[in-house]
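Okay, structure first, notes after.
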Amino acid sequence: MKEQEDGFVSADKHGEDKVEQLVQIKTLFFARARDLTGTNDVLLEIPLGSTTKDCLDKIIGKFPRLEEILGCVVLALNEDYTTDSTIVKDGDELAIIPPISGG
C-alpha cells in the first residue's frame, strides 16, 4: 500500500491502493481562540464520517495552544450549537467559540 502525503490510505478487496475519501470544512475561530491561533479561519481536510471532535483533535494538532481553552469552548456547526459527536459533511462550517466575558 502506498501512503499519500496526508497519510490516509486503505486497500480495496483486491489489495489495490485506494485513498480514503476526504471532506473539507472551514473552521472559524472567535475571541481567545482567534488570539491563540493567530487567524480567523482555516480549511481542514478530514476523512469522510469524521465527527466535530475529530476535527477539534486535528485542529489542536495544528494549533496546540488551543488546549489552554479546550475545556470551556462551545462548538457550532453551520451556525447551530452542536456536540462533539456530530458527523461533519463536506462544506460544513465549524466555529470554535470560547466563553465571552465583558462588563
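Each chain in the C-alpha cells gets a letter, A, B, ..., in the order shown, and its residues are numbered from 1; ligands are numbered from 1 in order too.
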Need to verify the contact set: Gly49 of chain A, 12 Å, only C-alpha atoms, exclusion of same-chain residues closer than 2 positions in sequence. Can you return it as a list in words?
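The residues satisfying every condition are Glu20, Gln21, Leu22, Val23, Gln24, Glu45, Ile46, Pro47, Thr51, Thr52, Lys53, Asp54, Cys55, Ser85, Thr86, Ile87, Val88, Lys89 and Asp90 of chain A.
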Go ahead and write the selection's residues with N, CA and C atoms as a PDB file, in the first residue's frame.
ATOM      1  N   GLU A  20      -8.460   7.158   0.994  1.00  0.00           N
ATOM      2  CA  GLU A  20      -9.674   7.391   1.757  1.00  0.00           C
ATOM      3  C   GLU A  20     -10.305   8.724   1.335  1.00  0.00           C
ATOM      4  N   GLN A  21     -11.610   8.745   1.225  1.00  0.00           N
ATOM      5  CA  GLN A  21     -12.305   9.955   0.792  1.00  0.00           C
ATOM      6  C   GLN A  21     -12.252  11.010   1.887  1.00  0.00           C
ATOM      7  N   LEU A  22     -11.898  12.227   1.493  1.00  0.00           N
ATOM      8  CA  LEU A  22     -11.796  13.331   2.432  1.00  0.00           C
ATOM      9  C   LEU A  22     -12.898  14.346   2.179  1.00  0.00           C
ATOM     10  N   VAL A  23     -13.270  15.047   3.232  1.00  0.00           N
ATOM     11  CA  VAL A  23     -14.188  16.173   3.111  1.00  0.00           C
ATOM     12  C   VAL A  23     -13.458  17.415   3.601  1.00  0.00           C
ATOM     13  N   GLN A  24     -13.892  18.566   3.118  1.00  0.00           N
ATOM     14  CA  GLN A  24     -13.251  19.813   3.513  1.00  0.00           C
ATOM     15  C   GLN A  24     -14.259  20.659   4.279  1.00  0.00           C
ATOM     16  N   GLU A  45      -9.066  19.366   5.993  1.00  0.00           N
ATOM     17  CA  GLU A  45      -9.472  18.154   5.273  1.00  0.00           C
ATOM     18  C   GLU A  45      -9.426  16.995   6.248  1.00  0.00           C
ATOM     19  N   ILE A  46     -10.536  16.280   6.333  1.00  0.00           N
ATOM     20  CA  ILE A  46     -10.662  15.161   7.258  1.00  0.00           C
ATOM     21  C   ILE A  46     -11.358  14.001   6.555  1.00  0.00           C
ATOM     22  N   PRO A  47     -11.180  12.783   7.067  1.00  0.00           N
ATOM     23  CA  PRO A  47     -11.842  11.625   6.446  1.00  0.00           C
ATOM     24  C   PRO A  47     -13.367  11.718   6.522  1.00  0.00           C
ATOM     25  N   THR A  51     -16.196  13.211  13.087  1.00  0.00           N
ATOM     26  CA  THR A  51     -17.040  13.992  13.977  1.00  0.00           C
ATOM     27  C   THR A  51     -16.409  15.356  14.241  1.00  0.00           C
ATOM     28  N   THR A  52     -17.190  16.214  14.886  1.00  0.00           N
ATOM     29  CA  THR A  52     -16.645  17.512  15.267  1.00  0.00           C
ATOM     30  C   THR A  52     -15.477  17.335  16.239  1.00  0.00           C
ATOM     31  N   LYS A  53     -15.504  16.306  17.066  1.00  0.00           N
ATOM     32  CA  LYS A  53     -14.377  16.019  17.978  1.00  0.00           C
ATOM     33  C   LYS A  53     -13.134  15.655  17.170  1.00  0.00           C
ATOM     34  N   ASP A  54     -13.282  14.853  16.128  1.00  0.00           N
ATOM     35  CA  ASP A  54     -12.148  14.517  15.260  1.00  0.00           C
ATOM     36  C   ASP A  54     -11.543  15.784  14.665  1.00  0.00           C
ATOM     37  N   CYS A  55     -12.415  16.691  14.249  1.00  0.00           N
ATOM     38  CA  CYS A  55     -11.944  17.972  13.685  1.00  0.00           C
ATOM     39  C   CYS A  55     -11.178  18.760  14.740  1.00  0.00           C
ATOM     40  N   SER A  85     -19.916  14.904  19.010  1.00  0.00           N
ATOM     41  CA  SER A  85     -20.138  13.630  18.320  1.00  0.00           C
ATOM     42  C   SER A  85     -20.883  13.795  16.993  1.00  0.00           C
ATOM     43  N   THR A  86     -21.145  15.019  16.582  1.00  0.00           N
ATOM     44  CA  THR A  86     -21.854  15.271  15.332  1.00  0.00           C
ATOM     45  C   THR A  86     -20.945  14.984  14.138  1.00  0.00           C
ATOM     46  N   ILE A  87     -21.469  14.279  13.154  1.00  0.00           N
ATOM     47  CA  ILE A  87     -20.732  13.980  11.926  1.00  0.00           C
ATOM     48  C   ILE A  87     -20.720  15.227  11.038  1.00  0.00           C
ATOM     49  N   VAL A  88     -19.536  15.587  10.537  1.00  0.00           N
ATOM     50  CA  VAL A  88     -19.430  16.737   9.641  1.00  0.00           C
ATOM     51  C   VAL A  88     -19.497  16.273   8.192  1.00  0.00           C
ATOM     52  N   LYS A  89     -19.967  17.180   7.340  1.00  0.00           N
ATOM     53  CA  LYS A  89     -20.077  16.891   5.912  1.00  0.00           C
ATOM     54  C   LYS A  89     -19.247  17.894   5.127  1.00  0.00           C
ATOM     55  N   ASP A  90     -18.957  17.551   3.887  1.00  0.00           N
ATOM     56  CA  ASP A  90     -18.181  18.424   3.027  1.00  0.00           C
ATOM     57  C   ASP A  90     -18.850  19.792   2.931  1.00  0.00           C
TER      58      ASP A  90
END
Which residues come within 12 Å of Arg34 of chain A, counting only C-alpha atoms, excluding same-chain residues fewer than 2 positions away, as a list in words?
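My reading of the contact set: Thr27, Leu28, Phe29, Phe30, Ala31, Arg32, Leu36, Thr37, Gly38, Thr39, Asn40, Asp41, Val42, Phe63, Arg65, Leu66, Ile69, Ala95, Ile96, Ile97 and Pro98 of chain A.
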Based on the selection just made, write C-alpha atoms of those residues as a short mmCIF file (atom, residue, chain, number, x, y, z; two decimals), in the first residue's frame.
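What follows is the written file again25.cif:
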data_model
loop_
_atom_site.label_atom_id
_atom_site.label_comp_id
_atom_site.auth_asym_id
_atom_site.auth_seq_id
_atom_site.Cartn_x
_atom_site.Cartn_y
_atom_site.Cartn_z
CA THR A 27 -13.13 26.19 10.86
CA LEU A 28 -13.77 29.61 12.35
CA PHE A 29 -12.02 30.95 15.45
CA PHE A 30 -13.56 33.56 17.73
CA ALA A 31 -12.27 35.69 20.63
CA ARG A 32 -9.49 33.93 22.59
CA LEU A 36 -4.29 31.67 20.21
CA THR A 37 -4.29 30.61 16.55
CA GLY A 38 -3.42 33.96 15.03
CA THR A 39 -6.07 33.51 12.33
CA ASN A 40 -9.80 33.93 11.79
CA ASP A 41 -10.30 30.63 9.98
CA VAL A 42 -8.62 27.60 8.44
CA PHE A 63 -2.63 24.84 16.96
CA ARG A 65 -2.08 26.47 22.22
CA LEU A 66 -5.85 25.90 21.89
CA ILE A 69 -9.20 26.84 26.43
CA ALA A 95 -16.97 27.50 14.78
CA ILE A 96 -14.88 27.29 17.95
CA ILE A 97 -16.35 29.72 20.44
CA PRO A 98 -14.67 30.33 23.80
#
Run DSSP on the backbone of this structure and report the residues of segment 48-77 of chain A it assigns to helix (DSSP H, G or I), as a list in words.
Thr52, Lys53, Asp54, Cys55, Leu56, Asp57, Lys58, Ile59, Ile60, Gly61, Lys62, Pro64, Arg65, Leu66, Glu67, Glu68, Ile69, Leu70, Gly71 and Cys72 of chain A
Could you dump the residues just selected with all heavy atoms as a compact mmCIF listing (two decimals), in the first residue's frame?
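Written output follows (selection_24.txt):
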# COMPACT_ATOMS: atom_id res chain seq x y z
N THR A 52 -17.19 16.21 14.89
CA THR A 52 -16.65 17.51 15.27
C THR A 52 -15.48 17.34 16.24
O THR A 52 -14.53 18.11 16.22
CB THR A 52 -17.73 18.41 15.89
OG1 THR A 52 -18.37 17.70 16.94
CG2 THR A 52 -18.75 18.83 14.85
N LYS A 53 -15.50 16.31 17.07
CA LYS A 53 -14.38 16.02 17.98
C LYS A 53 -13.13 15.66 17.17
O LYS A 53 -12.03 16.09 17.50
CB LYS A 53 -14.74 14.88 18.93
CG LYS A 53 -13.56 14.31 19.72
CD LYS A 53 -13.54 14.79 21.12
CE LYS A 53 -12.53 14.11 22.01
NZ LYS A 53 -11.15 14.34 21.70
N ASP A 54 -13.28 14.85 16.13
CA ASP A 54 -12.15 14.52 15.26
C ASP A 54 -11.54 15.78 14.66
O ASP A 54 -10.33 15.93 14.59
CB ASP A 54 -12.57 13.58 14.13
CG ASP A 54 -13.07 12.23 14.62
OD1 ASP A 54 -12.58 11.76 15.67
OD2 ASP A 54 -13.96 11.65 13.96
N CYS A 55 -12.41 16.69 14.25
CA CYS A 55 -11.94 17.97 13.68
C CYS A 55 -11.18 18.76 14.74
O CYS A 55 -10.09 19.28 14.46
CB CYS A 55 -13.12 18.81 13.20
SG CYS A 55 -14.03 18.08 11.83
N LEU A 56 -11.74 18.82 15.93
CA LEU A 56 -11.10 19.57 17.01
C LEU A 56 -9.74 18.97 17.34
O LEU A 56 -8.76 19.70 17.55
CB LEU A 56 -12.02 19.57 18.24
CG LEU A 56 -11.73 20.57 19.33
CD1 LEU A 56 -11.66 21.99 18.79
CD2 LEU A 56 -12.78 20.46 20.42
N ASP A 57 -9.64 17.65 17.37
CA ASP A 57 -8.36 16.99 17.64
C ASP A 57 -7.32 17.37 16.58
O ASP A 57 -6.16 17.65 16.89
CB ASP A 57 -8.52 15.47 17.68
CG ASP A 57 -9.29 15.00 18.90
OD1 ASP A 57 -9.44 15.78 19.87
OD2 ASP A 57 -9.75 13.84 18.89
N LYS A 58 -7.73 17.39 15.32
CA LYS A 58 -6.80 17.73 14.24
C LYS A 58 -6.39 19.21 14.33
O LYS A 58 -5.24 19.56 14.11
CB LYS A 58 -7.43 17.43 12.88
CG LYS A 58 -6.44 17.61 11.74
CD LYS A 58 -6.90 16.94 10.48
CE LYS A 58 -5.82 17.08 9.42
NZ LYS A 58 -6.14 16.36 8.21
N ILE A 59 -7.33 20.06 14.68
CA ILE A 59 -7.04 21.48 14.82
C ILE A 59 -6.06 21.71 15.97
O ILE A 59 -5.12 22.51 15.85
CB ILE A 59 -8.35 22.28 15.04
CG1 ILE A 59 -9.17 22.25 13.75
CG2 ILE A 59 -8.06 23.70 15.48
CD1 ILE A 59 -10.61 22.65 13.93
N ILE A 60 -6.25 21.00 17.07
CA ILE A 60 -5.33 21.16 18.20
C ILE A 60 -3.94 20.65 17.84
O ILE A 60 -2.94 21.19 18.29
CB ILE A 60 -5.90 20.47 19.45
CG1 ILE A 60 -7.07 21.31 19.95
CG2 ILE A 60 -4.84 20.31 20.53
CD1 ILE A 60 -7.83 20.76 21.09
N GLY A 61 -3.87 19.64 16.97
CA GLY A 61 -2.56 19.20 16.48
C GLY A 61 -1.85 20.30 15.71
O GLY A 61 -0.63 20.43 15.77
N LYS A 62 -2.62 21.11 15.01
CA LYS A 62 -2.05 22.22 14.23
C LYS A 62 -1.82 23.46 15.10
O LYS A 62 -0.88 24.20 14.89
CB LYS A 62 -2.98 22.55 13.07
CG LYS A 62 -2.47 23.62 12.13
CD LYS A 62 -3.39 23.78 10.94
CE LYS A 62 -2.96 24.87 10.00
NZ LYS A 62 -1.85 24.52 9.15
N PRO A 64 -1.57 23.82 18.93
CA PRO A 64 -1.57 23.23 20.28
C PRO A 64 -1.92 24.21 21.40
O PRO A 64 -2.39 23.79 22.46
CB PRO A 64 -0.16 22.68 20.45
CG PRO A 64 0.63 23.15 19.29
CD PRO A 64 -0.29 23.68 18.26
N ARG A 65 -1.75 25.49 21.17
CA ARG A 65 -2.08 26.47 22.22
C ARG A 65 -3.58 26.49 22.53
O ARG A 65 -3.99 26.95 23.59
CB ARG A 65 -1.61 27.87 21.81
CG ARG A 65 -0.08 27.96 21.76
CD ARG A 65 0.41 29.35 21.42
NE ARG A 65 -0.02 30.30 22.44
CZ ARG A 65 -0.17 31.59 22.23
NH1 ARG A 65 0.07 32.11 21.04
NH2 ARG A 65 -0.55 32.40 23.21
N LEU A 66 -4.41 25.96 21.64
CA LEU A 66 -5.85 25.90 21.89
C LEU A 66 -6.21 25.01 23.08
O LEU A 66 -7.28 25.16 23.65
CB LEU A 66 -6.60 25.41 20.64
CG LEU A 66 -6.79 26.42 19.53
CD1 LEU A 66 -7.42 25.76 18.32
CD2 LEU A 66 -7.63 27.60 19.99
N GLU A 67 -5.30 24.11 23.45
CA GLU A 67 -5.58 23.25 24.60
C GLU A 67 -5.85 24.06 25.85
O GLU A 67 -6.58 23.62 26.74
CB GLU A 67 -4.40 22.29 24.83
CG GLU A 67 -4.38 21.16 23.83
CD GLU A 67 -3.40 20.08 24.21
OE1 GLU A 67 -3.64 19.41 25.23
OE2 GLU A 67 -2.41 19.92 23.49
N GLU A 68 -5.30 25.26 25.89
CA GLU A 68 -5.48 26.17 27.02
C GLU A 68 -6.95 26.47 27.30
O GLU A 68 -7.36 26.65 28.44
CB GLU A 68 -4.72 27.47 26.70
CG GLU A 68 -4.83 28.58 27.67
CD GLU A 68 -4.08 29.82 27.20
OE1 GLU A 68 -2.94 29.70 26.72
OE2 GLU A 68 -4.65 30.91 27.32
N ILE A 69 -7.78 26.50 26.27
CA ILE A 69 -9.20 26.84 26.43
C ILE A 69 -10.14 25.69 26.09
O ILE A 69 -11.36 25.85 26.11
CB ILE A 69 -9.57 28.08 25.57
CG1 ILE A 69 -9.33 27.80 24.09
CG2 ILE A 69 -8.82 29.31 26.04
CD1 ILE A 69 -9.89 28.85 23.16
N LEU A 70 -9.59 24.54 25.80
CA LEU A 70 -10.38 23.41 25.32
C LEU A 70 -11.53 23.03 26.24
O LEU A 70 -12.61 22.67 25.77
CB LEU A 70 -9.46 22.20 25.07
CG LEU A 70 -10.09 21.04 24.34
CD1 LEU A 70 -10.62 21.48 22.99
CD2 LEU A 70 -9.07 19.94 24.15
N GLY A 71 -11.33 23.11 27.53
CA GLY A 71 -12.36 22.69 28.47
C GLY A 71 -13.57 23.60 28.54
O GLY A 71 -14.58 23.24 29.15
N CYS A 72 -13.49 24.77 27.92
CA CYS A 72 -14.61 25.70 28.06
C CYS A 72 -15.13 26.23 26.73
O CYS A 72 -15.91 27.18 26.72
CB CYS A 72 -14.21 26.86 28.97
SG CYS A 72 -12.79 27.78 28.40
Taking the backbone alone, and naming residues the way the document does, which bits of segment 14-85 of chain A are strand (DSSP E or B) by DSSP, as a ChimeraX atom specification?
/A:17-18,22-29,41-47,51,74-77,80-82
